[in-house]
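First up is the structure itself, then whatever we jot down about it.
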Amino acid sequence: MIKKVLVANRGEIAVRIIRSCREANIKSVAIYSEPDRTSMHVRYADEAYWAGPGPSGQSYLNIPRIIEIARESGADAIHPGYGFLSENAEFAEKVREAGLIFIGPDAEAIRVMGDKMKARELMIKAGVPVVPGSGKLDDTDEDSIKKIAEEIGYPVMIKASAGGGGKGMRLVWSPDEIIDAVRRAKSEAQNAFGDDTVYMEKYLQSPHHIEVQILGDNYGNIVHLFERECSVQRRHQKVVEETPSPFITDEVRKAMTDRAVAAAASVNYKGAGTVEFLVDAHMNFYFLEMNTRLQVEHPITERTTGIDLVKAQIKIANGEPLPFNQEDIKRTGHAIECRIYAEDPQNNFMPGAGKVLHITEPLGLGVRTDGYIYEGYEITVFYDPLISKLIVWGQNREEAVARMKRALYEYKITGVKTNIQFLERIMNTPDFIEGKYDTHFISKNEKYLT
Ligand code: ADP
């Protein structure tokens, strides 16, 4: 039985994991880098250990040091959160080799799903629809690249197999650009991910990004917790998420959740995971990738299903069977999440650093904030600029949107620039209010947003 969890992360997600540990009567161990010495997760945890200097490679990505801290503190399990080592198969393996519990799926599931091209191949076998695309591209064979692109049909996207975080994608409109684009994509992929494997995918012109939350236990039981609509994106990165999706019909929802469970089953998935789909204007859906960890936007699912996903992860890691089956999982009302970033929308969304002079977080019916900054906290440039997530719930979408506007109005942060006003503008944009938007929402609605 897990009695003490080391949280190999920082920021809001570390705090969020520690909260569930405390409720479950499990001790928590924080790790921190030098600039994070006074960070909130360090204060909230039962114990905290210095992991290394500011750069992540020497602290939050430092596998030997993290395992050493787990040993020293007597932790019996490690929760990786999201980002950092959460999708590192080697880390999952090393944790288990050290006799500790890794709160997440098997290394093999992480490895397969972390390779977008391999994941596509596996999905085809499992009967899950994928975006029309290619296998590995060989840039010395120009003719075949051109032929593949013709077959798929322009525009196409060149993607890094090891890509993530919205990076490593290239849009190509015509045959004159394709060879150059493949070469550039390969060298970018090599530099960013240490792997130059790239493949081609059809570029869907006005897609929705809709994903399905999955939970699987060690006994082959897999359930879904419905979908999240994540089409409000900037540079392929999510900004606002909501559930239910205002776009799909119940029939499509049923088919998508069914295929998501099949996708997870094909890798014998254990723990919490997310199957991402692109959905075109005709509601055809295609597997995009599977994230083998907790997502940033998981709270909207928690709010509408009543299931604490972190506690569920811990129970599964403990070897407990899922305490519910698919029919038991009900979704009520509507939830929206806004990602609050320390960035300056007036200056090309440049991430900001500095001391937080004042912070007032919204409260009241149906409001949750998952954050970690406080008055006097010094935001550094070392890490992700996400400082808080604002989650609201309403009995229906209209109430949820009104509540989000009200909560954003109450949210006050001074000392560092944030995107709060930008988010308020999103909430006031007609296409958002009507729930009629795709992944181009932000670029299409510039006049409302600037
Ligand atoms: P990452 O792993 O870097 O987040 P994804 O493959 O999940 O990359 O894609 C991120 C986003 O990029 C999607 O939500 C979508 O907006 C856009 N995108 C990716 N592939 C395509 C495609 N084939 N056609 C259109 N948009 C795409």
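Please note that chains go A, B, ... in the order of the structure tokens, that every chain numbers its residues from 1, and that ligands are numbered from 1 in the order shown.
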Can you pull out every residue within 12 Å of His282 (chain A), counting only C-alpha atoms, but drop anything in the same chain fewer than 3 positions away, and send it as a list in words?
->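 Close residues of His282 (chain A): Leu204, Gln205, Ser206, Pro207, His208, Phe247, Ile248, Thr249, Val252, Leu278, Val279, Phe285 and Tyr286 of chain A.
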Please report as CSV every residue of chain A lying within 8 Å of ligand 1, along with the nearest atom pair and their distance in Å (one decimal), using only C-alpha atoms and all ligand atoms.
```
residue,atom,partner,partner_atom_place_in_ligand_line,distance
A:Lys116,CA,ligand 1,6 (O),7.8
A:Val131,CA,ligand 1,23 (N),6.3
A:Val156,CA,ligand 1,23 (N),7.2
A:Met157,CA,ligand 1,23 (N),5.9
A:Lys159,CA,ligand 1,6 (O),7.9
A:Gly163,CA,ligand 1,3 (O),5.5
A:Gly164,CA,ligand 1,3 (O),3.2
A:Gly165,CA,ligand 1,3 (O),3.8
A:Gly166,CA,ligand 1,3 (O),3.1
A:Lys167,CA,ligand 1,3 (O),4.9
A:Gly168,CA,ligand 1,3 (O),6.9
A:Met169,CA,ligand 1,19 (C),7.5
A:Glu201,CA,ligand 1,23 (N),5.2
A:Lys202,CA,ligand 1,23 (N),5.1
A:Tyr203,CA,ligand 1,24 (N),3.6
A:Leu204,CA,ligand 1,24 (N),3.9
A:Gln205,CA,ligand 1,25 (C),6.0
A:Ser206,CA,ligand 1,25 (C),7.2
A:Pro207,CA,ligand 1,25 (C),6.2
A:His208,CA,ligand 1,16 (O),7.3
A:His209,CA,ligand 1,14 (O),4.9
A:Cys230,CA,ligand 1,14 (O),7.4
A:Ser231,CA,ligand 1,14 (O),6.7
A:Gln233,CA,ligand 1,16 (O),6.8
A:Arg235,CA,ligand 1,12 (O),7.8
A:His236,CA,ligand 1,11 (C),4.3
A:Gln237,CA,ligand 1,11 (C),6.7
A:Lys238,CA,ligand 1,14 (O),7.6
A:Glu276,CA,ligand 1,7 (O),7.0
A:Leu278,CA,ligand 1,14 (O),7.0
A:Leu288,CA,ligand 1,6 (O),5.5
A:Glu289,CA,ligand 1,7 (O),6.0
A:Thr439,CA,ligand 1,16 (O),5.3
A:His440,CA,ligand 1,16 (O),7.9
```
Taking a cut-off of 12 Å and counting only C-alpha atoms, can you build a table that, for each residue of region 74-166 of chain A near region 379-389 of chain A, reports the nearest atom pair and how far apart they are in Å (one decimal), sorted by chain then residue number, as CSV?
```
residue,atom,partner,partner_atom,distance
A:Tyr82,CA,A:Asp384,CA,11.4
A:Gly83,CA,A:Asp384,CA,9.4
A:Phe84,CA,A:Tyr383,CA,10.2
A:Gly165,CA,A:Asp384,CA,11.2
```
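All residues within region 100-174 of chain A that the backbone DSSP calculation assigns to alpha helix (DSSP H) are Ala107, Glu108, Ala109, Ile110, Arg111, Val112, Met113, Gly114, Lys116, Met117, Lys118, Ala119, Arg120, Glu121, Leu122, Met123, Ile124, Lys125, Glu142, Asp143, Ser144, Ile145, Lys146, Lys147, Ile148, Ala149, Glu150, Glu151 and Ile152 of chain A.
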Nearest to Lys270 (chain A) by atom-to-atom distance, counting only C-alpha atoms, from A:Leu171, A:His334, A:Ala126, A:Pro105 |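 Among the listed residues, A:Pro105 lies closest to Lys270 (chain A).
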Between A:Ala98, A:Cys21, A:Arg234, A:Leu322, which one has atoms that come closest to Asn445 (chain A), using only C-alpha atoms?
->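 Distance minimum relative to Asn445 (chain A) lands on A:Arg234.
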Using only C-alpha atoms, which residues sit within 6 Å of region 309-316 of chain A once same-chain residues fewer than 2 positions away are excluded, as a PyMOL selection string?
-> chain A and resi 217+271+307+318-320
Write a file of the just-selected residues containing C-alpha atoms, as a compact mmCIF listing (two decimals), in the first residue's frame.
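Final output, saved to result.txt:
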```txt
# COMPACT_ATOMS: atom_id res chain seq x y z
CA ASP A 217 -6.72 -0.70 -13.84
CA GLY A 271 -3.83 4.56 -14.91
CA ILE A 307 -14.11 11.65 -9.72
CA ASN A 318 -1.83 0.45 -5.48
CA GLY A 319 -3.27 -2.47 -7.40
CA GLU A 320 -6.90 -1.76 -6.54
```
Write out as a list in words each polymer residue whose atoms come within 6 Å of region 2-17 of chain A, counting only C-alpha atoms; drop sequence neighbours fewer than 4 positions from it.
->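 Contacts, in chain order: Ile26, Lys27, Ser28, Val29, Ala30, His41, Ala75, Asp76, Ala77, Ile78, His79, Pro80, Asp370, Gly371 and Tyr372 of chain A.
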May I have the selected residues written with C-alpha atoms, as a CSV table (one decimal), in the first residue's frame?
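Output file again_0.csv follows:
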```
chain,number,residue,atom,x,y,z
A,26,ILE,CA,-0.8,9.6,2.3
A,27,LYS,CA,2.4,11.5,3.1
A,28,SER,CA,3.9,13.7,0.4
A,29,VAL,CA,7.5,14.5,-0.4
A,30,ALA,CA,8.3,17.6,-2.6
A,41,HIS,CA,4.5,22.9,-3.3
A,75,ALA,CA,8.7,7.3,-0.2
A,76,ASP,CA,7.2,4.2,-1.8
A,77,ALA,CA,5.8,5.8,-4.9
A,78,ILE,CA,6.5,8.6,-7.4
A,79,HIS,CA,3.9,10.7,-9.1
A,80,PRO,CA,5.4,12.5,-12.2
A,370,ASP,CA,-5.5,25.3,-9.1
A,371,GLY,CA,-2.6,27.7,-8.7
A,372,TYR,CA,0.6,28.1,-6.7
```
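One distance worth recording is that between CA of Ala89 (chain A) and CA of Glu68 (chain A), which is 18.3 Å.
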If we count only C-alpha atoms and set the cut-off at 12 Å, which residues sit around Lys147 (chain A), ignoring sequence neighbours fewer than 3 positions away in its own chain? Please answer as a tab-separated table (two decimals) with N, CA and C atoms, in the first residue's frame.
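Result file result.tsv:
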```
chain	number	residue	atom	x	y	z
A	134	SER	N	1.52	9.19	-43.65
A	134	SER	CA	2.58	8.33	-44.18
A	134	SER	C	3.33	7.63	-43.06
A	137	LEU	N	9.54	9.39	-43.34
A	137	LEU	CA	9.94	10.01	-44.60
A	137	LEU	C	11.45	9.96	-44.77
A	141	ASP	N	14.86	10.40	-50.91
A	141	ASP	CA	13.98	9.91	-51.96
A	141	ASP	C	12.89	10.96	-52.25
A	142	GLU	N	13.30	11.98	-53.01
A	142	GLU	CA	12.41	13.13	-53.24
A	142	GLU	C	11.14	12.73	-53.98
A	143	ASP	N	11.32	11.84	-54.96
A	143	ASP	CA	10.14	11.45	-55.75
A	143	ASP	C	9.06	10.81	-54.89
A	144	SER	N	9.50	9.93	-54.00
A	144	SER	CA	8.48	9.25	-53.21
A	144	SER	C	7.80	10.23	-52.23
A	150	GLU	N	1.10	13.99	-52.87
A	150	GLU	CA	0.02	14.04	-53.87
A	150	GLU	C	-1.13	13.12	-53.46
A	151	GLU	N	-0.74	11.93	-53.01
A	151	GLU	CA	-1.76	10.95	-52.63
A	151	GLU	C	-2.60	11.44	-51.45
A	152	ILE	N	-1.91	11.98	-50.46
A	152	ILE	CA	-2.62	12.47	-49.27
A	152	ILE	C	-3.44	13.71	-49.65
A	153	GLY	N	-2.85	14.56	-50.49
A	153	GLY	CA	-3.52	15.78	-50.93
A	153	GLY	C	-3.10	16.99	-50.11
A	154	TYR	N	-2.63	18.05	-50.77
A	154	TYR	CA	-2.21	19.27	-50.06
A	154	TYR	C	-3.43	20.00	-49.51
A	175	PRO	N	3.79	21.44	-53.83
A	175	PRO	CA	4.94	20.56	-54.11
A	175	PRO	C	6.28	21.31	-54.12
A	178	ILE	N	7.80	21.17	-50.56
A	178	ILE	CA	7.75	19.97	-49.73
A	178	ILE	C	9.12	19.40	-49.34
A	179	ILE	N	10.05	19.36	-50.28
A	179	ILE	CA	11.35	18.73	-49.99
A	179	ILE	C	12.11	19.54	-48.95
A	200	MET	N	4.32	12.37	-42.53
A	200	MET	CA	3.42	13.34	-43.13
A	200	MET	C	1.98	13.01	-42.73
```
Non-local contacts of Leu390 (chain A) (8 Å; only C-alpha atoms; under 6 positions in same chain excluded) as number ranges by chain = A: 337-340, 367-370
Assign secondary structure with DSSP using the backbone only, and return the residues of region 177-350 of chain A in strand (DSSP E or B) as an NGL selection string.
-> :A and (198-202 or 208-216 or 222-234 or 237-243 or 271-279 or 285-291 or 334-341 or 343-344 or 350)
Which distance in Å separates CA of Phe287 (chain A) and CA of Val128 (chain A), to one decimal?
->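 A separation of 6.8 Å between them.
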Contacts of Ile426 (chain A) within 9 Å, only C-alpha atoms, excl. fewer than 6 positions in-chain, as a VMD selection string | chain A and resid 240 432 to 433 442 445 448 to 449
With distances taken over only C-alpha atoms, the candidate from A:Leu122, A:Leu225, A:Ile110, A:Val401 nearest Glu242 (chain A) is A:Val401
Can you work out the spacing between CA of Glu327 (chain A) and CA of Thr243 (chain A) in Å, to one decimal?
->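 Computing the Euclidean distance for CA of Glu327 (chain A) and CA of Thr243 (chain A) yields 18.6 Å.
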